[in-house]
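Q: Have a look at this one.
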Amino acid sequence: MAKSIIIAYILLIFGGFAGLHLLYLRRDKQAFLYWCTFGGYFGLAPLRDFFRLSSYVKEANNDSQYVADLAQQMRKNKKPPLNVTRFVAKILIGNAWCYLFIAAVPDEKIYGFSLHYLKYLGPFASALAVWLVGNIGRVKGSFKWCLYGAYSILPLTINNFHAINWSCVASAAFYEWKGKEWRRTPLPKHDFFAALGFMNVEQHSNNIHLAVVNSWLWVCGNETDQLGWAMY
């Protein structure tokens, strides 16, 4: 069944923060990222969607003019050109995931074991975010290049561990350099109400994301308490 632009706008207006319009238009990964960034960076992404929704609907419906324009772009460019907005989104979300993961690892020993080395999984979280942002719409890419890029900065962390936060930039750069290609098949079809079932998966994933945030807050609060600062 063809997607309705009217329904899409209604879902955007009343459920844009939850990504309902994206689930309706079969852009599940993008909807998931909205959940992980508290409504698409507090409403900025849904606001942008307001101006791009027509293109999303045409893509979901495999509109003949949209397909013709896409085919022309594919002939002109061997791989998708750089999208500055999406590149910035990769860096922002990748950096946020990396930072939250690292910050959630406590510095003190747990039952005599140090968990410090778990912080080196931060670039993995960064690469995962870059890959998810990169695999939206008619663009896809390999996760391995995101991972290679994220961990390419490890030598920089020998003298300065905080350099690990640059993993998101390196991951995004490697994705653009080697990992990106056109998605030549249409988006898989699914029923909107079946897509709402996907929200259960999103909810569990979001709970994990919130758990990491809560762990980070606990670690920060614990460190603050040890420094003797007043707790309110």
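Here, A, B, ... name the chains of the structure tokens in the order displayed, residue numbers run from 1 inside each chain, and ligands are numbered from 1 in the same displayed order.
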Find the residues around stretch 5-22 of chain A up to 10 Å (only C-alpha atoms counted), leave out those fewer than 5 positions away in its own chain, and share them as an MDAnalysis selection string.
A: chainID A and resid 27:35 37:47 49:50 53:58 192 195:196 199 202
Q: I need the residues from that last selection saved to file as a compact mmCIF listing (two decimals), in the first residue's frame (with N, CA and C atoms), if you can.
A:
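Final output, again_18.txt:
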# COMPACT_ATOMS: atom_id res chain seq x y z
N ARG A 27 11.79 3.63 7.87
CA ARG A 27 13.13 4.12 8.19
C ARG A 27 13.40 3.79 9.67
N ASP A 28 13.45 2.48 9.96
CA ASP A 28 13.51 2.01 11.34
C ASP A 28 14.79 2.43 12.05
N LYS A 29 15.92 2.35 11.35
CA LYS A 29 17.19 2.72 11.99
C LYS A 29 17.17 4.19 12.41
N GLN A 30 16.61 5.03 11.56
CA GLN A 30 16.55 6.45 11.88
C GLN A 30 15.64 6.69 13.09
N ALA A 31 14.54 5.94 13.16
CA ALA A 31 13.64 6.05 14.31
C ALA A 31 14.36 5.63 15.59
N PHE A 32 15.14 4.56 15.50
CA PHE A 32 15.89 4.10 16.67
C PHE A 32 16.87 5.17 17.15
N LEU A 33 17.53 5.84 16.22
CA LEU A 33 18.47 6.89 16.60
C LEU A 33 17.75 8.07 17.26
N TYR A 34 16.52 8.32 16.86
CA TYR A 34 15.74 9.37 17.52
C TYR A 34 15.52 9.02 18.99
N TRP A 35 15.26 7.75 19.23
CA TRP A 35 15.05 7.30 20.60
C TRP A 35 16.33 7.45 21.42
N THR A 37 18.66 9.61 21.03
CA THR A 37 19.11 11.00 21.16
C THR A 37 18.00 11.89 21.69
N PHE A 38 17.10 11.27 22.48
CA PHE A 38 16.04 12.02 23.15
C PHE A 38 15.22 12.85 22.16
N GLY A 39 14.65 12.13 21.19
CA GLY A 39 13.78 12.79 20.23
C GLY A 39 14.51 13.48 19.11
N GLY A 40 15.66 12.94 18.72
CA GLY A 40 16.41 13.57 17.62
C GLY A 40 17.03 14.88 18.04
N TYR A 41 17.89 14.78 19.07
CA TYR A 41 18.53 15.97 19.64
C TYR A 41 17.50 17.04 20.00
N PHE A 42 16.54 16.56 20.83
CA PHE A 42 15.54 17.44 21.43
C PHE A 42 14.74 18.23 20.39
N GLY A 43 14.40 17.54 19.29
CA GLY A 43 13.49 18.14 18.31
C GLY A 43 14.14 18.72 17.08
N LEU A 44 15.46 18.80 17.04
CA LEU A 44 16.12 19.39 15.87
C LEU A 44 15.94 18.50 14.64
N ALA A 45 16.10 17.20 14.82
CA ALA A 45 15.97 16.28 13.68
C ALA A 45 14.53 16.22 13.15
N PRO A 46 13.50 16.10 14.02
CA PRO A 46 12.13 16.13 13.49
C PRO A 46 11.81 17.44 12.77
N LEU A 47 12.38 18.54 13.23
CA LEU A 47 12.17 19.81 12.55
C LEU A 47 12.73 19.76 11.13
N ASP A 49 13.07 17.03 9.42
CA ASP A 49 12.22 16.09 8.68
C ASP A 49 10.99 16.77 8.10
N PHE A 50 10.55 17.84 8.74
CA PHE A 50 9.37 18.55 8.26
C PHE A 50 9.57 19.03 6.82
N LEU A 53 10.16 15.48 4.40
CA LEU A 53 9.21 14.38 4.47
C LEU A 53 8.69 13.97 3.09
N SER A 54 8.53 14.93 2.21
CA SER A 54 8.06 14.62 0.86
C SER A 54 9.02 13.66 0.17
N SER A 55 10.31 13.89 0.33
CA SER A 55 11.31 13.01 -0.27
C SER A 55 11.26 11.62 0.36
N TYR A 56 11.05 11.56 1.68
CA TYR A 56 10.95 10.27 2.37
C TYR A 56 9.78 9.46 1.82
N VAL A 57 8.65 10.14 1.61
CA VAL A 57 7.44 9.45 1.12
C VAL A 57 7.67 8.92 -0.29
N LYS A 58 8.30 9.73 -1.13
CA LYS A 58 8.59 9.29 -2.50
C LYS A 58 9.52 8.09 -2.49
N PHE A 192 2.70 -0.96 9.00
CA PHE A 192 2.98 0.05 10.02
C PHE A 192 2.76 -0.50 11.42
N ALA A 195 5.51 -2.47 12.37
CA ALA A 195 6.63 -1.58 12.72
C ALA A 195 6.50 -1.08 14.14
N LEU A 196 5.25 -0.89 14.59
CA LEU A 196 5.06 -0.46 15.97
C LEU A 196 5.58 -1.53 16.93
N MET A 199 8.95 -1.02 17.96
CA MET A 199 9.16 -0.06 19.03
C MET A 199 9.49 -0.77 20.34
N GLU A 202 13.03 -1.11 20.13
CA GLU A 202 13.57 0.22 20.37
C GLU A 202 13.53 0.56 21.85
Q: Taking the DSSP secondary structure from the backbone, can you list the residues of stretch 8-226 of chain A that are helix (DSSP H, G or I), as an MDAnalysis selection string?
A: chainID A and resid 8:18 20:24 28:36 38:60 64:76 84:104 116:134 143:151 154:157 161:179 192:226
Q: Need to verify the contact set: A:Leu147, 8 Å, only C-alpha atoms, exclusion of same-chain residues closer than 4 positions in sequence. Can you return it as a ChimeraX atom specification?
A: /A:123-124,127-128,143,151,171
Q: Have a look at atom CA of A:Arg86 and atom CA of A:Cys168 and let me know their distance in Å, one decimal.
A: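 Result for atom CA of A:Arg86 versus atom CA of A:Cys168: 12.9 Å, one decimal.
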Q: Which one of A:Ile110, A:Val88, A:Leu154, A:Leu132 sits closest to A:Val169 if you count only C-alpha atoms?
A: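 Between A:Ile110, A:Val88, A:Leu154, A:Leu132, the residue approaching A:Val169 most closely is A:Val88.
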Q: What does the distance between atom CA of A:Asn159 and atom CA of A:Ala104 come to in Å, to one decimal place?
A: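 Atom CA of A:Asn159 sits 21.8 Å away from atom CA of A:Ala104.
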Q: So how far away is atom CA of A:Ala96 from atom CA of A:Gly122, in Å?
A: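 If I compute the distance from atom CA of A:Gly122 to atom CA of A:Ala96, I get 10.0 Å.
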